[in-house]
Every structure is written in C-alpha cells, then in structure tokens.
2 protein chains.
Amino acid sequence: MANYVFGVDIGGTTVKLGLFDINGNVLDKWEIPTRTENSGTKILPDIAESIQAKIAEKGIAKDDVAGVGVGAPGPVDGDGVVHKAVNLGWNQFNLKKELTTLLDGMHVEGGNDANVAALGEMWKGGGQGHKNLVAVTLGTGVGGGIIINGKIMTGATGAGGEIGHIHVEDHETEACGCGNYGCLEEYASATGITRLANRALKASDKDSVLRNGEVSAKTVFDAVKAGDELAIEVAKQFGDYLGKGLGIIAGVINPEIFVIGGGVSKAGEVLFDYIKPSFEATAFHACKDTAFALATLGNDAGIYGAAKMVLD
Amino acid sequence: MANYVFGVDIGGTTVKLGLFDINGNVLDKWEIPTRTENSGTKILPDIAESIQAKIAEKGIAKDDVAGVGVGAPGPVDGDGVVHKAVNLGWNQFNLKKELTTLLDGMHVEGGNDANVAALGEMWKGGGQGHKNLVAVTLGTGVGGGIIINGKIMTGATGAGGEIGHIHVEDHETEACGCGNYGCLEEYASATGITRLANRALKASDKDSVLRNGEVSAKTVFDAVKAGDELAIEVAKQFGDYLGKGLGIIAGVINPEIFVIGGGVSKAGEVLFDYIKPSFEATAFHACKDTAFALATLGNDAGIYGAAKMVLD
C-alpha cells in the first residue's frame, strides 16, 4: 500500500498543492500560479510538472504515491468530467483522464472545490468523526458541500450542494447574481450581510457604530459583540434566513452536523446564537438536534479533501 | 446466483408481500393482516411464516432466494435498525437481524417505507433509467424518498427525505401536525389542498362548483379541469408552494428527476402545469431542467423497492 497522496485545489489565481501521508498528516504545502490564458490549457500540465518535481525532490518512489485528488471551481461529475469552470477558461473535458495521462497513469480523482473542501472538513476539520455532513461556506457568496456516508454528493449535473441559491424569501425585489430573487446567498453571504446592514441603516434612525465607518460582515459582527442594537437586528435577520435555510436542508438530507466556514465564520460561535433559533423553530423534529461546528481548516480544506478523495 | 427475491411492505393494517424474479418481474403478490397488538411482536413472525409457506407452495429451493427486503413505516437506519414505528407499536430494535433469525439466516434488508417506495419507482416505475431521484408522495401528508447513485439516502437518524416538513411559508398561523408552522405538507398534501380550498371559498364570493359539494383534492382538480376559476386559484397556490419546495430540494440534491405519486397525483399531468412555473422561477439555473414524471407503481412501489434493496 502506498504511503503518500497529493491534494490539489485549483483557484482562479493560485493552485494550492499539498503532499500528505495516507493518515492525513501534511508533509509539504506549496502554491503555483493558475495560468488561465489559452482557455486554461496550461493549468493541468503545470500541476503535473509541479507534482513530478516534488516527487523527485522528496525522493519518493512513484508506486508509493496513492494518487492525486483535484478540486476545481466548477461542476465536476462523478466520472471526473468538468462541465465548465468559468474562472479558469475551461469548457467541458475529462479532468481525471487528462491529468492521469499527464502523470503517466497515476490514479487521479476530481471534484467540485466546495464539495472537496467539505470532504476535507470531514476528514481533518470541524466535521471529524461524522460521515453525513453539510459544509456551508459563508464568503463573498454562499457555497456548500454535502457528504453522505463519507462520500461527496455530486448531483446529476454536478450542482449538488449549491445551497447558496435555495429560495428563502418570497418578497425580494433585488436579483441575486444567479438571476433569481430571494436566494439564501442574498442574506447570508458577506455581501448579503452588508446589504442587510445598509438596508437597516437606511430604514432606521437608530444610532449605530456602523454609521461611522465601513459597513461589512466583519464590522457588523464586531458591532454585535459590542452590543450595538442595530447590528444585532441585522444579525437576527441574517440568522433567521440562514437558520431557516439550514432547517430546510436538514429536512431533506438529515445530516449529523453542519460545518460553517468562509470569511463570515471568523465571527466565531456567536453566529450560532443567531442561526439556531430559526433553525430550531423550522426544522423537522427528527432533525432539530443536528450539531453545528465551525470549520477549522480554512483555505487548506480543499487540499485535504482532494487528497481524501483518492483514498476512498 | 439466486433467481428469486421477496419484497415486503408493512402498513398499519396490512402487510403486502411480493415474490419477484431477480429481473423485477412480479410472480406473485398477496397480503396478510398487520397484527399490531402486543407492541407489534407478531408482525415479523407472521411475515416469516408467510414467506416460508410461499417458498414451500412454489417448490422453490431456499438457496435460490436472494433474500427478503422490508419497508416499514418509521425511521430505519443503514444497519436495519427501526428507531420507532408508532403505527405498528414498535420501539427500537434491529429488524434486519430479527427477521434474518426468523428466516434461518436468509439475507434481509430493511428501510423506511417512503424511501423503499422511491427505490421501487426508480427500478420499475416512473423513475426508470435514473440513478438520482426524489420521489414525492402527495397523500394525506407529504412524504418523500431520495435516491443518490441508485441507493436510498437514509440520513443520520433515518429522516432523510422527510420533505413534507420543509419550511415554505413564514406567515402561517395554523400548526402542522409536526408542531411547526408553514411546512410544505400544509399546502401540498390532500389535506393541505382541502385547507387551501376552504380558505379560498371563505375569502371570496366567487361562484365555484366547490360550493355545491364535497371539498377535497380530487374535487378541486376535477374543478380545475372543468375551468372553475376559484379551483384554479387554489391549484396555483398549491403549485406555488410545491414548485418552490421542489426548487429548493433541487438546489440541495440536484436530482435527475422528481417522481410524483400518492393520491393527489391521480389528477395527472395537470399537476405539472401548476408546479413548474414556481419551480422554474426559484430553482438554481443548473437544476432548472430537472425532469418531472408521475409515479406508476401505485401501492406496489413498496414491494418493488423492498425487493430491489436485496439485489443491490
């Protein structure tokens, strides 16, 4: 049995790579630029070259490498076919097959980056010890990844776990980036929290520290911690939407745990104070005890999950 | 390889049994009463006896039986443990183990009845040819079963696919049977449609055939087909809620197809005319093309799915 495995997380500007032992201890971690020119045709050769160089540098025997897992920012189906990755310039092609060829037949697995990060959090992060989890990433947008019995739930077209676009508000007048109205992402992302705060500031005359500086998810939750009433109202709105959304997801999936990550999650456990009331009010009784935890791997979740894909 | 398999669907008053060949052709179908007295302790022995009798009657060799699959009306986890089945008087016990013992070591699989029926519709019903589907049962309540890569998604506590209790209305004042407010079941079940119709009749003076007789899901959709304006309004409300709910589920699961069954589905394809507009308005773009079909196995879906569990 092989002793090493590589995890690769392809982002729009940087490719993160990690070398792990098969128990998930990271042995090395590095980055290379993502060359998106020429429809991203250089990305996989660059990755292959970097991995070959690392194998040589470390003096690892090739048959001591279990394989290479790759997370990519777009829908990737169960066969390793990328359907489109706009940020990389990629159209449809079989990532798994191409990278296997570039690596002389090495075992390759591919997945969507959010799904792969969810697997990473299950393996070595906030979801350790669980096999059924939903990872929720609260960043510029809202992303998600769903793990069922320890495996990524890819979905029919690779869109499984795209929970940022579930409908949670019937009366929204501003469109979401996706074109629909009332998506979870419009209220629970960093941008969404900023929007809720700006709306609240406009609708009320209430004094608030948010009137004296930058309005962002960070300043809102800093103000919440300082007891700012208007910020607390905004946090309640955020939590009502997200708690309701996660309550619905719990009713569909019945996960053991929600693992919350992304920039907004830096606010910490205070988030749960605002999410849980509406979660508990709306979730089906058999799902009300679903656990909540913070993600712990940060930007490394992707390389961990990518490596884990190979080992399953 | 064995040539025969049994499928068993335990209901509150009747146990349905089916003998199939391993290609899913039904060779025999019969029923026995469900004896729920004494905490339902007679149910499994009755089933075992009935199966042994059938094997003898047909002159089948025991090792020519692949096994017995069982669907039960309650949460059943991946190990075949029933967590509670109120209608049968059952508390927690290992159904799979007990029935295996009663059948002298025969291979037994157990699952929740709604999930098992979903598997049946995938195998031989409205979902044939698909591996990722959501079965929606619109009966007295709203039930569901989710199939991922050809397997039942059980969930952490056996509540996977309990889609009747996802939250779709923030302003409901009447409680759902589950204790929450605004569950999908309150609008999309037969009872829910009747409630919507009674509310509409009360709120409006509009003439309607529904004023002259029984108000039920059946009479509402009969009136819809006859062009009754008030009934059409009710159907729109029903479809708005269900379409929105299925849109959310599509965003989470990304299934290939929704298979709609249960008593309400007898209204036929007209249902889709009312479900699809709100589905398409709210579902994430990568999921908008999800197919819709009617269930075709009716009350036999359970025995088909139970048999299929054994063959997987």
# chains A, B, ... in the order shown; residues from 1 in each chain; ligands from 1
call {"tool": "interface_residues", "arguments": {"of": "chain B", "to": "chain A", "cutoff": "8 Å", "atoms": "only C-alpha atoms", "output": "PyMOL selection string"}}
result
chain B and resi 132+148+153+155-163+165-168+178+180-181+244+247-249+251-256+281-287
call {"tool": "select_by_dssp", "arguments": {"residues": "stretch 24-210 of chain A", "states": "strand (DSSP E)", "output": "ChimeraX atom specification"}}
result
/A:26-33,65-72,81-82,93-94,108-112,133-138,142-148,151-152
call {"tool": "residues_around", "arguments": {"residues": "stretch 21-24 of chain A", "least_positions_apart": "4", "cutoff": "8 Å", "atoms": "only C-alpha atoms", "output": "count of residues only"}}
result
9
call {"tool": "closest_atom_pairs", "arguments": {"of": "stretch 86-115 of chain A", "to": "stretch 7-11 of chain A", "cutoff": "9 Å", "atoms": "only C-alpha atoms", "output": "CSV"}}
result
residue,atom,partner,partner_atom,distance
A:Asn87,CA,A:Gly11,CA,8.1
A:Leu88,CA,A:Gly11,CA,8.0
A:Asp113,CA,A:Asp9,CA,6.9
call {"tool": "select_by_dssp", "arguments": {"residues": "stretch 37-170 of chain B", "states": "helix (DSSP H, G or I)", "output": "number ranges by chain"}}
result
B: 37-40, 43-58, 62-64, 86-88, 95-102, 113-124, 163-165
call {"tool": "residues_around", "arguments": {"residues": "A:Glu37", "least_positions_apart": "2", "cutoff": "12 Å", "atoms": "only C-alpha atoms", "output": "MDAnalysis selection string"}}
result
chainID A and resid 12:13 33:35 39:43 87:90
call {"tool": "residues_around", "arguments": {"residues": "B:Gly243", "least_positions_apart": "4", "cutoff": "6 Å", "atoms": "only C-alpha atoms", "output": "PDB file with N, CA and C atoms, in the first residue's frame"}}
result
ATOM      1  N   GLY B 239     -49.493  24.773  -6.336  1.00  0.00           N
ATOM      2  CA  GLY B 239     -48.331  24.637  -7.223  1.00  0.00           C
ATOM      3  C   GLY B 239     -47.200  25.584  -6.852  1.00  0.00           C
ATOM      4  N   GLY B 247     -38.014  23.229  -5.899  1.00  0.00           N
ATOM      5  CA  GLY B 247     -36.891  24.049  -6.360  1.00  0.00           C
ATOM      6  C   GLY B 247     -35.769  24.067  -5.340  1.00  0.00           C
ATOM      7  N   ILE B 275     -47.066  23.201 -10.896  1.00  0.00           N
ATOM      8  CA  ILE B 275     -45.821  23.107 -10.128  1.00  0.00           C
ATOM      9  C   ILE B 275     -44.669  23.817 -10.849  1.00  0.00           C
ATOM     10  N   LYS B 276     -44.611  23.643 -12.180  1.00  0.00           N
ATOM     11  CA  LYS B 276     -43.412  24.061 -12.912  1.00  0.00           C
ATOM     12  C   LYS B 276     -43.138  25.564 -12.914  1.00  0.00           C
ATOM     13  N   SER B 278     -43.445  27.951 -10.636  1.00  0.00           N
ATOM     14  CA  SER B 278     -42.683  28.421  -9.469  1.00  0.00           C
ATOM     15  C   SER B 278     -41.389  27.630  -9.322  1.00  0.00           C
ATOM     16  N   PHE B 279     -41.381  26.366  -9.766  1.00  0.00           N
ATOM     17  CA  PHE B 279     -40.121  25.613  -9.758  1.00  0.00           C
ATOM     18  C   PHE B 279     -39.087  26.331 -10.618  1.00  0.00           C
TER      19      PHE B 279
END
call {"tool": "atom_distance", "arguments": {"atom1": "atom CA of B:Ala231", "atom2": "atom CA of B:Ala200"}}
result
8.6 Å
call {"tool": "closest_residue", "arguments": {"among": "B:Lys16, B:Asp104, B:Val116, B:Lys54", "to": "B:Gly74", "atoms": "only C-alpha atoms"}}
result
B:Val116
call {"tool": "residues_around", "arguments": {"residues": "A:Lys58", "least_positions_apart": "5", "cutoff": "12 Å", "atoms": "only C-alpha atoms", "output": "list of chain:residue names"}}
result
A:Tyr4, A:Leu19, A:Leu27, A:Asp28, A:Ile51, A:Gln52, A:Ala53, A:Asp64, A:Val65
call {"tool": "residues_around", "arguments": {"residues": "A:Gly71", "least_positions_apart": "5", "cutoff": "12 Å", "atoms": "only C-alpha atoms", "output": "ChimeraX atom specification"}}
result
/A:6-12,15-17,44,76-77,80-82,85,95-96,108-120,152,300-310
call {"tool": "atom_distance", "arguments": {"atom1": "atom CA of A:Asp228", "atom2": "atom CA of A:Lys202"}}
result
15.9 Å
